[in-house]
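Note sheet for the following structure.
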Amino acid sequence: MLVSDSRELYERLLTCNLLKNSPKFWWPSYGTFEVVLGVILTQNSQFKRVEISLENLKNNGLNTIDNVLTCKSELLIECIKPSGMYINKSNYILTLCQAIKDDFNDFKNFTCKVDREWLLSQKGIGKESADSILCYACKRNVMVVDAYTNRLLKALGYEFEDYDELQSWFDVDDALMAANFHGMIVEYMKNNSTRKSVKLDKMRF
DNA sequence: GGCCAGGTGTAAA
DNA sequence: TTTACACATGGC
C-alpha cells in the first residue's frame, strides 16, 4: 500500500494544488439546482459538453425546477443535446423535477430533507449520481467515488468489491472536505492517468 | 473507425 | 447474480 489511509491520500493531493483554478468548490454552482441538472447530464459524458448544455439551459431560463417543468420538452432536449443521450436524460430530469416538487415542494426544502434512499428510487439516479447530488447540491458530508477513484486506489494497492466498499474506505470530516476530496481525485486522474495506467510521481511517490 | 468521457436501466444468460 | 448492450455526442 502506498498510502496508509484516506487522510494521507488527502494530504498528498493537497500538495498537488489541483484546485487552484476553483477557489472554493470544484463543482460549478455548488449548492444550487444546476448541480442536479449537471449530475444527470454528466453521466457517460465529458464535463466540457455538460457545461455547454448548462449554459444553454441557463440562457433559456431552465435553471429552476418550475421552469423546467413548464417548458416545452423540445426546448429542454435542444438545450441538453451537446451532452448526448438526450432522450433518456430529458426524461430523467423531468421526472426528477416533478418528484422533487411533489415530495419536497421546492429545491431548498429538498436539499435539507432528501436522503440517499429517496434519490436511488428515482429513475436515472444511481449511487454515484445520488452521492454527487447529496455532496454538491445538498452540501452534505458524503464522499463521491467513481471509476477514477477506483483506478487511483487500485494503483495505490487497494482492491474493492463494489461502490459501497470503496466509499467506506474514505474518512472525511465535513461537506467541504468531501467535495474537495473527490474533486482533487478527478482532476488528478484527468491530468495524470489513462485507462491503463496512473502516474503517481506528482504525489511524490 | 474505434475508444472514451465526472453512468444507469434493462433484458438476457 | 452477472454480463451485454443501449443510450448519443464530439474529440482524439
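Lettering and numbering for the C-alpha cells are positional, with chains as A, B, ... in the shown order, residues counted from 1 in each chain, and ligands counted from 1 in the shown order.
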**Study point:** For DT3 of chain C: contacts at 12 Å, only C-alpha atoms (C1' of nucleotides), fewer than 2 positions along chain excluded, given as a ChimeraX atom specification
**Key:** /B:10-13 /C:1,5
Take the residues from that selection and write them out as a compact mmCIF listing (two decimals), in the first residue's frame, keeping C-alpha atoms (C1' of nucleotides).
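So out.txt came out as:
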```
# COMPACT_ATOMS: atom_id res chain seq x y z
C1' DT B 10 -32.97 -3.29 -18.84
C1' DA B 11 -33.01 -7.82 -20.77
C1' DA B 12 -30.86 -11.98 -21.37
C1' DA B 13 -27.95 -15.76 -19.71
C1' DT C 1 -26.43 -12.67 -9.83
C1' DC C 5 -25.96 -3.85 -24.62
```
Practice item. Identify every residue of chain A that has at least one atom within 9 Å of any atom of chain C, counting only C-alpha atoms (C1' of nucleotides), and report the result as a list of chain:residue names. Key: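 On the chain A side, the interface is A:Ser45, A:Arg49, A:Lys81, A:Pro82, A:Ser83, A:Gly84, A:Met85, A:Tyr86, A:Ile87, A:Asn88.
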Kindly save the residues from that selection, with C-alpha atoms included, as a compact mmCIF listing (two decimals), in the first residue's frame.
```txt
# COMPACT_ATOMS: atom_id res chain seq x y z
CA SER A 45 -20.35 12.33 -20.99
CA ARG A 49 -20.07 19.10 -23.09
CA LYS A 81 -28.18 17.71 -26.76
CA PRO A 82 -24.46 18.53 -26.52
CA SER A 83 -24.13 16.08 -23.59
CA GLY A 84 -25.59 13.15 -25.51
CA MET A 85 -28.30 10.62 -24.58
CA TYR A 86 -30.79 13.46 -24.57
CA ILE A 87 -33.96 11.34 -24.75
CA ASN A 88 -33.15 9.41 -21.57
```
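Within 6 Å of chain B, chain A contributes the residues A:Gln43, A:Asn44, A:Ser45, A:Gln46, A:Gly124, using only C-alpha atoms (C1' of nucleotides).
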Using N, CA and C atoms, can you export the residues from the last selection as a PDB file, in the first residue's frame?
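Dumped everything to again.pdb:
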```pdb
ATOM      1  N   GLN A  43     -23.535  12.020 -16.891  1.00  0.00           N
ATOM      2  CA  GLN A  43     -23.455  10.557 -16.975  1.00  0.00           C
ATOM      3  C   GLN A  43     -22.944  10.122 -18.341  1.00  0.00           C
ATOM      4  N   ASN A  44     -21.830   9.415 -18.315  1.00  0.00           N
ATOM      5  CA  ASN A  44     -21.184   8.943 -19.536  1.00  0.00           C
ATOM      6  C   ASN A  44     -21.008  10.049 -20.581  1.00  0.00           C
ATOM      7  N   SER A  45     -20.566  11.201 -20.101  1.00  0.00           N
ATOM      8  CA  SER A  45     -20.345  12.329 -20.991  1.00  0.00           C
ATOM      9  C   SER A  45     -19.149  13.125 -20.475  1.00  0.00           C
ATOM     10  N   GLN A  46     -18.606  13.984 -21.313  1.00  0.00           N
ATOM     11  CA  GLN A  46     -17.493  14.819 -20.862  1.00  0.00           C
ATOM     12  C   GLN A  46     -18.029  16.094 -20.246  1.00  0.00           C
ATOM     13  N   GLY A 124     -32.848   6.928 -13.304  1.00  0.00           N
ATOM     14  CA  GLY A 124     -31.716   7.682 -13.823  1.00  0.00           C
ATOM     15  C   GLY A 124     -30.735   8.120 -12.764  1.00  0.00           C
TER      16      GLY A 124
END
```
**Study point:** In chain A, DSSP alpha helix (DSSP H) residues written as a PyMOL selection string
**Key:** chain A and resi 6-15+33-41+47-59+65-70+73-80+86-104+107-113+116-120+127-132+147-155+163-168+175-192
